[in-house]
Each structure stands twice: as C-alpha cells, then as structure tokens.
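Participant: So I've got this file, my_file_18.cif, and it contains mmCIF, N, CA and C atoms:
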data_protein
loop_
_atom_site.label_atom_id
_atom_site.label_comp_id
_atom_site.auth_asym_id
_atom_site.auth_seq_id
_atom_site.Cartn_x
_atom_site.Cartn_y
_atom_site.Cartn_z
N MET A 1 67.02 35.33 13.12
CA MET A 1 68.41 35.67 13.38
C MET A 1 68.57 36.06 14.84
N ALA A 2 69.65 35.63 15.46
CA ALA A 2 69.90 35.90 16.87
C ALA A 2 70.20 37.38 17.08
N ARG A 3 69.81 37.89 18.23
CA ARG A 3 70.05 39.28 18.54
C ARG A 3 71.54 39.55 18.73
N TYR A 4 72.21 38.67 19.45
CA TYR A 4 73.64 38.82 19.67
C TYR A 4 74.37 37.69 18.98
N VAL A 5 75.41 38.04 18.27
CA VAL A 5 76.26 37.03 17.66
C VAL A 5 77.58 37.06 18.42
N THR A 6 77.95 35.91 18.98
CA THR A 6 79.16 35.87 19.80
C THR A 6 80.32 35.26 19.02
N ILE A 7 81.51 35.68 19.39
CA ILE A 7 82.73 35.13 18.84
C ILE A 7 83.19 34.04 19.80
N LYS A 8 83.35 32.83 19.27
CA LYS A 8 83.69 31.71 20.14
C LYS A 8 84.99 31.01 19.75
N GLU A 9 85.41 31.16 18.50
CA GLU A 9 86.56 30.39 18.03
C GLU A 9 87.87 31.12 18.30
N ASN A 10 88.88 30.34 18.66
CA ASN A 10 90.19 30.89 19.00
C ASN A 10 90.81 31.66 17.84
N LYS A 11 90.59 31.22 16.61
CA LYS A 11 91.18 31.90 15.45
C LYS A 11 90.61 33.31 15.30
N ASP A 12 89.33 33.50 15.65
CA ASP A 12 88.74 34.84 15.58
C ASP A 12 89.31 35.75 16.66
N PHE A 13 89.48 35.22 17.86
CA PHE A 13 90.09 36.00 18.93
C PHE A 13 91.52 36.39 18.56
N SER A 14 92.29 35.42 18.06
CA SER A 14 93.68 35.68 17.68
C SER A 14 93.77 36.73 16.59
N ARG A 15 92.87 36.67 15.61
CA ARG A 15 92.87 37.63 14.52
C ARG A 15 92.63 39.04 15.04
N LEU A 16 91.70 39.20 15.97
CA LEU A 16 91.43 40.52 16.54
C LEU A 16 92.58 41.02 17.39
N TYR A 17 93.21 40.12 18.15
CA TYR A 17 94.35 40.53 18.96
C TYR A 17 95.50 41.02 18.08
N ARG A 18 95.72 40.35 16.95
CA ARG A 18 96.83 40.72 16.06
C ARG A 18 96.52 41.95 15.22
N ARG A 19 95.34 41.98 14.58
CA ARG A 19 95.05 43.02 13.59
C ARG A 19 94.11 44.11 14.07
N GLY A 20 93.41 43.89 15.17
CA GLY A 20 92.42 44.86 15.63
C GLY A 20 93.05 46.06 16.32
N LYS A 21 92.30 47.12 16.39
CA LYS A 21 92.72 48.33 17.10
C LYS A 21 92.28 48.18 18.55
N SER A 22 93.16 48.51 19.49
CA SER A 22 92.84 48.32 20.91
C SER A 22 92.65 49.66 21.61
N TYR A 23 91.77 49.66 22.58
CA TYR A 23 91.48 50.82 23.42
C TYR A 23 91.53 50.34 24.86
N VAL A 24 92.24 51.08 25.71
CA VAL A 24 92.51 50.62 27.08
C VAL A 24 91.98 51.61 28.09
N SER A 25 91.38 51.08 29.16
CA SER A 25 90.99 51.87 30.33
C SER A 25 91.27 51.01 31.56
N PRO A 26 91.17 51.58 32.75
CA PRO A 26 91.47 50.77 33.95
C PRO A 26 90.54 49.58 34.17
N VAL A 27 89.33 49.61 33.61
CA VAL A 27 88.39 48.52 33.84
C VAL A 27 88.15 47.63 32.64
N LEU A 28 88.64 48.03 31.46
CA LEU A 28 88.29 47.28 30.24
C LEU A 28 89.30 47.54 29.13
N VAL A 29 89.56 46.50 28.34
CA VAL A 29 90.32 46.64 27.10
C VAL A 29 89.38 46.21 25.98
N THR A 30 89.31 47.00 24.93
CA THR A 30 88.42 46.72 23.81
C THR A 30 89.24 46.59 22.54
N TYR A 31 89.03 45.51 21.81
CA TYR A 31 89.63 45.33 20.48
C TYR A 31 88.52 45.45 19.45
N VAL A 32 88.75 46.25 18.40
CA VAL A 32 87.75 46.51 17.39
C VAL A 32 88.34 46.26 16.01
N MET A 33 87.54 45.61 15.16
CA MET A 33 87.95 45.39 13.78
C MET A 33 86.71 45.22 12.91
N LYS A 34 86.77 45.72 11.69
CA LYS A 34 85.65 45.55 10.78
C LYS A 34 85.53 44.09 10.37
N ASN A 35 84.29 43.64 10.13
CA ASN A 35 84.08 42.31 9.58
C ASN A 35 83.25 42.43 8.31
N ARG A 36 83.09 41.34 7.61
CA ARG A 36 82.36 41.37 6.34
C ARG A 36 80.86 41.22 6.53
N GLY A 37 80.44 40.75 7.68
CA GLY A 37 79.02 40.57 7.94
C GLY A 37 78.36 41.90 8.29
N GLY A 38 77.06 41.91 8.31
CA GLY A 38 76.34 43.14 8.60
C GLY A 38 76.01 43.30 10.07
N THR A 39 76.29 42.28 10.87
CA THR A 39 75.92 42.36 12.28
C THR A 39 77.17 42.48 13.15
N PRO A 40 77.05 43.17 14.28
CA PRO A 40 78.20 43.22 15.19
C PRO A 40 78.34 41.88 15.93
N ARG A 41 79.57 41.43 16.07
CA ARG A 41 79.86 40.22 16.84
C ARG A 41 80.72 40.62 18.02
N TYR A 42 80.56 39.92 19.14
CA TYR A 42 81.36 40.27 20.31
C TYR A 42 81.83 39.02 21.04
N GLY A 43 82.93 39.19 21.78
CA GLY A 43 83.46 38.13 22.62
C GLY A 43 84.00 38.74 23.90
N ILE A 44 83.99 37.96 24.97
CA ILE A 44 84.46 38.44 26.26
C ILE A 44 85.52 37.46 26.76
N THR A 45 86.64 38.00 27.23
CA THR A 45 87.67 37.15 27.83
C THR A 45 88.00 37.65 29.23
N THR A 46 88.21 36.69 30.11
CA THR A 46 88.65 37.00 31.47
C THR A 46 89.75 36.01 31.81
N GLY A 47 90.91 36.51 32.09
CA GLY A 47 92.05 35.64 32.39
C GLY A 47 92.12 35.28 33.86
N LYS A 48 93.06 34.42 34.17
CA LYS A 48 93.23 33.98 35.55
C LYS A 48 93.72 35.08 36.47
N LYS A 49 94.31 36.14 35.90
CA LYS A 49 94.79 37.25 36.72
C LYS A 49 93.64 38.00 37.39
N ILE A 50 92.45 37.84 36.86
CA ILE A 50 91.27 38.53 37.41
C ILE A 50 90.94 37.99 38.80
N GLY A 51 91.12 36.70 38.99
CA GLY A 51 90.82 36.11 40.29
C GLY A 51 90.22 34.72 40.12
N ASN A 52 89.49 34.30 41.14
CA ASN A 52 88.89 32.97 41.08
C ASN A 52 87.68 32.97 40.14
N ALA A 53 87.02 31.82 40.03
CA ALA A 53 85.92 31.65 39.08
C ALA A 53 84.76 32.61 39.36
N VAL A 54 84.50 32.89 40.62
CA VAL A 54 83.42 33.79 40.98
C VAL A 54 83.70 35.20 40.45
N LYS A 55 84.92 35.67 40.62
CA LYS A 55 85.28 37.01 40.14
C LYS A 55 85.29 37.08 38.62
N ARG A 56 85.77 36.03 37.97
CA ARG A 56 85.77 36.01 36.50
C ARG A 56 84.35 36.01 35.96
N SER A 57 83.47 35.25 36.59
CA SER A 57 82.06 35.23 36.16
C SER A 57 81.41 36.58 36.37
N ARG A 58 81.69 37.22 37.49
CA ARG A 58 81.13 38.55 37.74
C ARG A 58 81.63 39.54 36.70
N ALA A 59 82.91 39.47 36.36
CA ALA A 59 83.46 40.37 35.35
C ALA A 59 82.75 40.17 34.02
N ARG A 60 82.50 38.94 33.63
CA ARG A 60 81.77 38.67 32.38
C ARG A 60 80.35 39.19 32.44
N ARG A 61 79.68 39.01 33.58
CA ARG A 61 78.31 39.52 33.72
C ARG A 61 78.25 41.03 33.62
N VAL A 62 79.20 41.72 34.25
CA VAL A 62 79.24 43.18 34.23
C VAL A 62 79.48 43.68 32.80
N ILE A 63 80.40 43.05 32.10
CA ILE A 63 80.70 43.45 30.71
C ILE A 63 79.49 43.18 29.82
N ARG A 64 78.86 42.02 29.99
CA ARG A 64 77.68 41.68 29.18
C ARG A 64 76.53 42.65 29.44
N ALA A 65 76.33 43.06 30.69
CA ALA A 65 75.26 44.01 31.01
C ALA A 65 75.52 45.36 30.35
N ALA A 66 76.77 45.80 30.35
CA ALA A 66 77.10 47.06 29.69
C ALA A 66 76.89 46.95 28.19
N TYR A 67 77.28 45.83 27.60
CA TYR A 67 77.10 45.62 26.16
C TYR A 67 75.62 45.60 25.79
N ASP A 68 74.80 44.95 26.63
CA ASP A 68 73.36 44.88 26.36
C ASP A 68 72.74 46.27 26.25
N THR A 69 73.16 47.19 27.10
CA THR A 69 72.57 48.53 27.07
C THR A 69 73.06 49.35 25.89
N LEU A 70 74.27 49.07 25.41
CA LEU A 70 74.83 49.82 24.27
C LEU A 70 74.50 49.19 22.92
N PHE A 71 74.00 47.98 22.91
CA PHE A 71 73.76 47.26 21.66
C PHE A 71 72.88 48.03 20.66
N PRO A 72 71.78 48.68 21.07
CA PRO A 72 70.96 49.39 20.08
C PRO A 72 71.67 50.54 19.37
N GLU A 73 72.73 51.05 19.96
CA GLU A 73 73.46 52.18 19.37
C GLU A 73 74.57 51.75 18.41
N LEU A 74 74.88 50.46 18.37
CA LEU A 74 76.03 49.98 17.59
C LEU A 74 75.72 49.94 16.10
N ARG A 75 76.74 50.25 15.31
CA ARG A 75 76.67 50.04 13.87
C ARG A 75 77.02 48.59 13.60
N GLY A 76 76.49 48.04 12.53
CA GLY A 76 76.79 46.67 12.16
C GLY A 76 78.15 46.58 11.48
N GLY A 77 78.64 45.35 11.36
CA GLY A 77 79.86 45.12 10.60
C GLY A 77 81.15 45.25 11.38
N TYR A 78 81.10 45.06 12.70
CA TYR A 78 82.31 45.14 13.51
C TYR A 78 82.42 43.92 14.40
N ASP A 79 83.66 43.47 14.62
CA ASP A 79 83.96 42.46 15.62
C ASP A 79 84.52 43.17 16.84
N LEU A 80 84.04 42.80 18.02
CA LEU A 80 84.45 43.44 19.26
C LEU A 80 84.89 42.37 20.25
N ILE A 81 86.03 42.59 20.87
CA ILE A 81 86.49 41.72 21.95
C ILE A 81 86.66 42.60 23.18
N PHE A 82 86.06 42.18 24.29
CA PHE A 82 86.20 42.90 25.55
C PHE A 82 87.01 42.04 26.51
N VAL A 83 88.08 42.61 27.03
CA VAL A 83 88.97 41.90 27.94
C VAL A 83 88.85 42.54 29.32
N ALA A 84 88.53 41.73 30.32
CA ALA A 84 88.39 42.23 31.68
C ALA A 84 89.75 42.57 32.26
N ARG A 85 89.79 43.60 33.09
CA ARG A 85 91.02 43.98 33.79
C ARG A 85 90.83 43.65 35.27
N GLY A 86 91.83 43.91 36.07
CA GLY A 86 91.80 43.57 37.49
C GLY A 86 90.69 44.24 38.27
N LYS A 87 90.30 45.44 37.88
CA LYS A 87 89.25 46.17 38.61
C LYS A 87 87.85 45.79 38.18
N THR A 88 87.69 45.12 37.06
CA THR A 88 86.36 44.86 36.49
C THR A 88 85.40 44.17 37.44
N PRO A 89 85.79 43.13 38.18
CA PRO A 89 84.80 42.47 39.04
C PRO A 89 84.34 43.33 40.22
N PHE A 90 85.03 44.42 40.49
CA PHE A 90 84.73 45.22 41.67
C PHE A 90 83.95 46.49 41.37
N VAL A 91 83.60 46.73 40.11
CA VAL A 91 82.88 47.95 39.75
C VAL A 91 81.49 47.60 39.24
N LYS A 92 80.63 48.61 39.20
CA LYS A 92 79.27 48.45 38.68
C LYS A 92 79.30 48.46 37.16
N SER A 93 78.21 47.97 36.57
CA SER A 93 78.16 47.91 35.10
C SER A 93 78.11 49.31 34.48
N GLN A 94 77.65 50.33 35.24
CA GLN A 94 77.62 51.70 34.70
C GLN A 94 79.03 52.22 34.45
N VAL A 95 79.98 51.84 35.29
CA VAL A 95 81.37 52.26 35.11
C VAL A 95 81.95 51.61 33.86
N VAL A 96 81.66 50.32 33.69
CA VAL A 96 82.14 49.61 32.50
C VAL A 96 81.44 50.16 31.26
N LYS A 97 80.16 50.47 31.38
CA LYS A 97 79.42 51.03 30.25
C LYS A 97 80.02 52.36 29.79
N LYS A 98 80.40 53.19 30.74
CA LYS A 98 81.00 54.49 30.40
C LYS A 98 82.32 54.29 29.65
N ALA A 99 83.16 53.37 30.13
CA ALA A 99 84.43 53.09 29.45
C ALA A 99 84.19 52.47 28.08
N MET A 100 83.22 51.54 28.01
CA MET A 100 82.91 50.88 26.75
C MET A 100 82.37 51.87 25.72
N ARG A 101 81.49 52.78 26.16
CA ARG A 101 80.95 53.79 25.26
C ARG A 101 82.07 54.67 24.71
N GLN A 102 83.00 55.07 25.57
CA GLN A 102 84.11 55.90 25.14
C GLN A 102 84.98 55.18 24.12
N HIS A 103 85.27 53.90 24.37
CA HIS A 103 86.08 53.12 23.43
C HIS A 103 85.38 53.00 22.08
N LEU A 104 84.09 52.65 22.12
CA LEU A 104 83.36 52.42 20.87
C LEU A 104 83.11 53.71 20.11
N LYS A 105 82.95 54.81 20.83
CA LYS A 105 82.78 56.10 20.16
C LYS A 105 84.08 56.51 19.48
N THR A 106 85.20 56.31 20.15
CA THR A 106 86.50 56.63 19.57
C THR A 106 86.77 55.77 18.33
N ALA A 107 86.34 54.51 18.38
CA ALA A 107 86.55 53.59 17.26
C ALA A 107 85.58 53.84 16.11
N GLY A 108 84.52 54.61 16.35
CA GLY A 108 83.54 54.87 15.31
C GLY A 108 82.47 53.80 15.19
N VAL A 109 82.34 52.96 16.20
CA VAL A 109 81.32 51.90 16.18
C VAL A 109 79.97 52.43 16.62
N ILE A 110 79.97 53.40 17.53
CA ILE A 110 78.72 54.04 17.96
C ILE A 110 78.54 55.30 17.14
N ASP A 111 77.36 55.42 16.56
CA ASP A 111 77.04 56.60 15.77
C ASP A 111 76.45 57.65 16.70
N ASP A 112 77.01 58.85 16.71
CA ASP A 112 76.53 59.91 17.60
C ASP A 112 75.12 60.34 17.27
N LYS A 113 74.70 60.21 16.01
CA LYS A 113 73.38 60.66 15.59
C LYS A 113 72.27 59.75 16.08
N GLN A 114 72.58 58.47 16.30
CA GLN A 114 71.58 57.49 16.67
C GLN A 114 71.50 57.25 18.17
N GLN A 115 72.02 58.14 18.97
CA GLN A 115 72.06 57.88 20.41
C GLN A 115 70.66 57.76 20.98
N VAL A 116 70.48 56.72 21.77
CA VAL A 116 69.22 56.48 22.46
C VAL A 116 69.26 57.21 23.77
N PRO A 117 68.19 57.90 24.19
CA PRO A 117 68.23 58.59 25.48
C PRO A 117 68.45 57.62 26.62
N ARG A 118 69.28 58.04 27.59
CA ARG A 118 69.61 57.18 28.73
C ARG A 118 68.56 57.22 29.73
#
Produce structure tokens that represent the structure in this file.

Facilitator:
Amino acid sequence: MARYVTIKENKDFSRLYRRGKSYVSPVLVTYVMKNRGGTPRYGITTGKKIGNAVKRSRARRVIRAAYDTLFPELRGGYDLIFVARGKTPFVKSQVVKKAMRQHLKTAGVIDDKQQVPR
C-alpha cells in the first residue's frame, strides 16, 4: 500500500469544496472531510492567482514538505485539500507547517496524544 494516497479526480475536489469544513490562514486554506477509507488522502491546488508556473510549483513543494512532516501524526479516514494562497510561494515550509498543524488540530485530524517530538 502506498504511503500517501492523493486525490486526483475533479469530483473529489468538488465534493470537499462543497461539503468539507474549511480553515483559512494567510498562507494556506485547508478543507477537511471524513472519508470511508482508513487512510488519509490529500490533494493540493494552486490557482493562476499564485503566479507563474515556477511560483505555483514552489507553492506545491512547500505544502507537500509540510504535509510530509505532519503525516505520522495524522489520524486515518480523512480527506484533505490544501489550497495555496498568494503568500505561499514566498514562505518557508515551517510557516506552512505551523498553519497546517493548527488547521488539522482544530479539525481533529491530528491527535494531541500521538505527537511526535519535533
């Protein structure tokens, strides 16, 4: 089984945008919704407002790096969509990680008891 399961289909993104709970910060928007599977699935979107292809790619890399470090702390059974904001390509992954941790903790996806030492 793959370590990361990604969301790729438009219908899954649309479902999360419509029915998922959203959390907003200056560098990241997170949509969270329970799924029937036991593993967490994630998707990343970067729109044209972010900038050219280089900036959009950097935003995706920064978000993916933050997700990689938080993955061991996640509970299974959630779909997550991360949407880059205008500031995302210009910040370090630690800033995105801090915002992502706060969003996921508020949503109940990260269990406080299972925290891995930083």

Participant: Please determine, counting only C-alpha atoms, which residue among A:Thr46, A:Pro89, A:Ala84, A:Tyr78 has the shortest atom-to-atom distance to A:Val24.

Facilitator: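 Distance minimum relative to A:Val24 lands on A:Ala84.
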
Participant: Pick the closest to A:Arg61 from A:Ile44, A:Leu80, A:Val5, A:Leu74: which is it, counting only C-alpha atoms?

Facilitator: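 Under the stated criterion, the closest residue is A:Ile44.
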
Participant: Running the PyMOL selection byres ((chain A and resi 93) around 7) on this model by hand, what would come out? Give it as a list in words.

Facilitator: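 So the PyMOL selection byres ((chain A and resi 93) around 7), applied here, picks out Val62, Ile63, Ala65, Ala66, Val91, Lys92, Gln94, Val95, Val96, Lys97 and Lys98 of chain A.
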
Participant: Could you pull out the strand (DSSP E) residues of chain A from DSSP and send them as a list of chain:residue names?

Facilitator: A:Val5, A:Thr6, A:Lys21, A:Ser22, A:Tyr23, A:Val24, A:Leu28, A:Val29, A:Thr30, A:Tyr31, A:Val32, A:Met33, A:Lys34, A:Arg41, A:Tyr42, A:Gly43, A:Ile44, A:Thr45, A:Tyr78, A:Asp79, A:Leu80, A:Ile81, A:Phe82, A:Val83, A:Ala84

Participant: Please determine the residues with any atom at most 6 Å from (90.0, 55.9, 22.4) (coordinates as given in the file, with only C-alpha atoms counting) and report them as a ChimeraX atom specification.

Facilitator: /A:23,103,106

Participant: What does the distance from atom CA of A:Phe13 to atom C of A:Thr69 come to in Å, to one decimal?

Facilitator: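 Here the two named atoms are 22.7 Å from each other.
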
Participant: Report, in Å with one decimal, the straight-line distance from atom CA of A:Pro72 to atom C of A:Gly20.

Facilitator: 22.7 Å

Participant: Could you check the closest approach to A:Arg60 for each of A:Met100, A:Ile110, A:Thr88, A:Gly38 and tell me which residue wins, using all atoms listed in the file?

Facilitator: A:Thr88

Participant: Give me, please, the distance in Å between atom CA of A:Gly37 and atom N of A:Gly76, quoted to one decimal.

Facilitator: 9.1 Å

Participant: What lies within 8 Å of A:Tyr4 using only C-alpha atoms, ignoring chain neighbours under 4 positions off, as a VMD selection string?

Facilitator: chain A and resid 40 to 42

Participant: Could the residues in this selection be written to a file with N, CA and C atoms, as a compact mmCIF listing (two decimals), in the frame of the given file?

Facilitator:
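The result, stored in result-v6.txt:
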# COMPACT_ATOMS: atom_id res chain seq x y z
N PRO A 40 77.05 43.17 14.28
CA PRO A 40 78.20 43.22 15.19
C PRO A 40 78.34 41.88 15.93
N ARG A 41 79.57 41.43 16.07
CA ARG A 41 79.86 40.22 16.84
C ARG A 41 80.72 40.62 18.02
N TYR A 42 80.56 39.92 19.14
CA TYR A 42 81.36 40.27 20.31
C TYR A 42 81.83 39.02 21.04

Participant: Would you kindly return, as an MDAnalysis selection string, each protein, DNA or RNA residue with an atom no farther than 8 Å from any atom of A:Leu16, considering all atoms listed in the file and excluding same-chain residues fewer than 3 positions away?

Facilitator: chainID A and resid 10:13 19:22 31:33 79:81

Participant: Run DSSP on the backbone and tell me which residues of stretch 7-52 of chain A come out as alpha helix (DSSP H); list them as a list of chain:residue names.

Facilitator: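 Answer for stretch 7-52 of chain A restricted to alpha helix (DSSP H) is A:Asn10, A:Lys11, A:Asp12, A:Phe13, A:Ser14, A:Arg15, A:Leu16, A:Tyr17, A:Arg18, A:Arg19.
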
Participant: Find, counting only C-alpha atoms, the residue in A:Ala53, A:Ala59, A:Leu104, A:Ile7 that gets nearest to A:Gly86.

Facilitator: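 Residue with the minimum atom-to-atom distance to A:Gly86: A:Ala59.
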
Participant: Reconstruct N, CA, C and O atoms of stretch 90-110 of chain A from the incomplete input and present them as a compact mmCIF listing (two decimals), in the coordinates of the input.

Facilitator:
# COMPACT_ATOMS: atom_id res chain seq x y z
N PHE A 90 85.03 44.42 40.49
CA PHE A 90 84.73 45.22 41.67
C PHE A 90 83.95 46.49 41.37
O PHE A 90 83.68 47.27 42.27
N VAL A 91 83.60 46.73 40.11
CA VAL A 91 82.88 47.95 39.75
C VAL A 91 81.49 47.60 39.24
O VAL A 91 81.20 46.46 38.87
N LYS A 92 80.63 48.61 39.20
CA LYS A 92 79.27 48.45 38.68
C LYS A 92 79.30 48.46 37.16
O LYS A 92 80.23 48.95 36.54
N SER A 93 78.21 47.97 36.57
CA SER A 93 78.16 47.91 35.10
C SER A 93 78.11 49.31 34.48
O SER A 93 78.51 49.48 33.33
N GLN A 94 77.65 50.33 35.24
CA GLN A 94 77.62 51.70 34.70
C GLN A 94 79.03 52.22 34.45
O GLN A 94 79.26 52.96 33.49
N VAL A 95 79.98 51.84 35.29
CA VAL A 95 81.37 52.26 35.11
C VAL A 95 81.95 51.61 33.86
O VAL A 95 82.61 52.26 33.04
N VAL A 96 81.66 50.32 33.69
CA VAL A 96 82.14 49.61 32.50
C VAL A 96 81.44 50.16 31.26
O VAL A 96 82.06 50.32 30.21
N LYS A 97 80.16 50.47 31.38
CA LYS A 97 79.42 51.03 30.25
C LYS A 97 80.02 52.36 29.79
O LYS A 97 80.15 52.61 28.59
N LYS A 98 80.40 53.19 30.74
CA LYS A 98 81.00 54.49 30.40
C LYS A 98 82.32 54.29 29.65
O LYS A 98 82.56 54.94 28.62
N ALA A 99 83.16 53.37 30.13
CA ALA A 99 84.43 53.09 29.45
C ALA A 99 84.19 52.47 28.08
O ALA A 99 84.83 52.84 27.09
N MET A 100 83.22 51.54 28.01
CA MET A 100 82.91 50.88 26.75
C MET A 100 82.37 51.87 25.72
O MET A 100 82.77 51.84 24.56
N ARG A 101 81.49 52.78 26.16
CA ARG A 101 80.95 53.79 25.26
C ARG A 101 82.07 54.67 24.71
O ARG A 101 82.10 54.97 23.52
N GLN A 102 83.00 55.07 25.57
CA GLN A 102 84.11 55.90 25.14
C GLN A 102 84.98 55.18 24.12
O GLN A 102 85.37 55.75 23.10
N HIS A 103 85.27 53.90 24.37
CA HIS A 103 86.08 53.12 23.43
C HIS A 103 85.38 53.00 22.08
O HIS A 103 86.00 53.20 21.03
N LEU A 104 84.09 52.65 22.12
CA LEU A 104 83.36 52.42 20.87
C LEU A 104 83.11 53.71 20.11
O LEU A 104 83.09 53.71 18.88
N LYS A 105 82.95 54.81 20.83
CA LYS A 105 82.78 56.10 20.16
C LYS A 105 84.08 56.51 19.48
O LYS A 105 84.07 56.98 18.34
N THR A 106 85.20 56.31 20.15
CA THR A 106 86.50 56.63 19.57
C THR A 106 86.77 55.77 18.33
O THR A 106 87.33 56.25 17.35
N ALA A 107 86.34 54.51 18.38
CA ALA A 107 86.55 53.59 17.26
C ALA A 107 85.58 53.84 16.11
O ALA A 107 85.77 53.31 15.02
N GLY A 108 84.52 54.61 16.35
CA GLY A 108 83.54 54.87 15.31
C GLY A 108 82.47 53.80 15.19
O GLY A 108 81.76 53.73 14.20
N VAL A 109 82.34 52.96 16.20
CA VAL A 109 81.32 51.90 16.18
C VAL A 109 79.97 52.43 16.62
O VAL A 109 78.93 51.98 16.15
N ILE A 110 79.97 53.40 17.53
CA ILE A 110 78.72 54.04 17.96
C ILE A 110 78.54 55.30 17.14
O ILE A 110 79.44 56.13 17.04
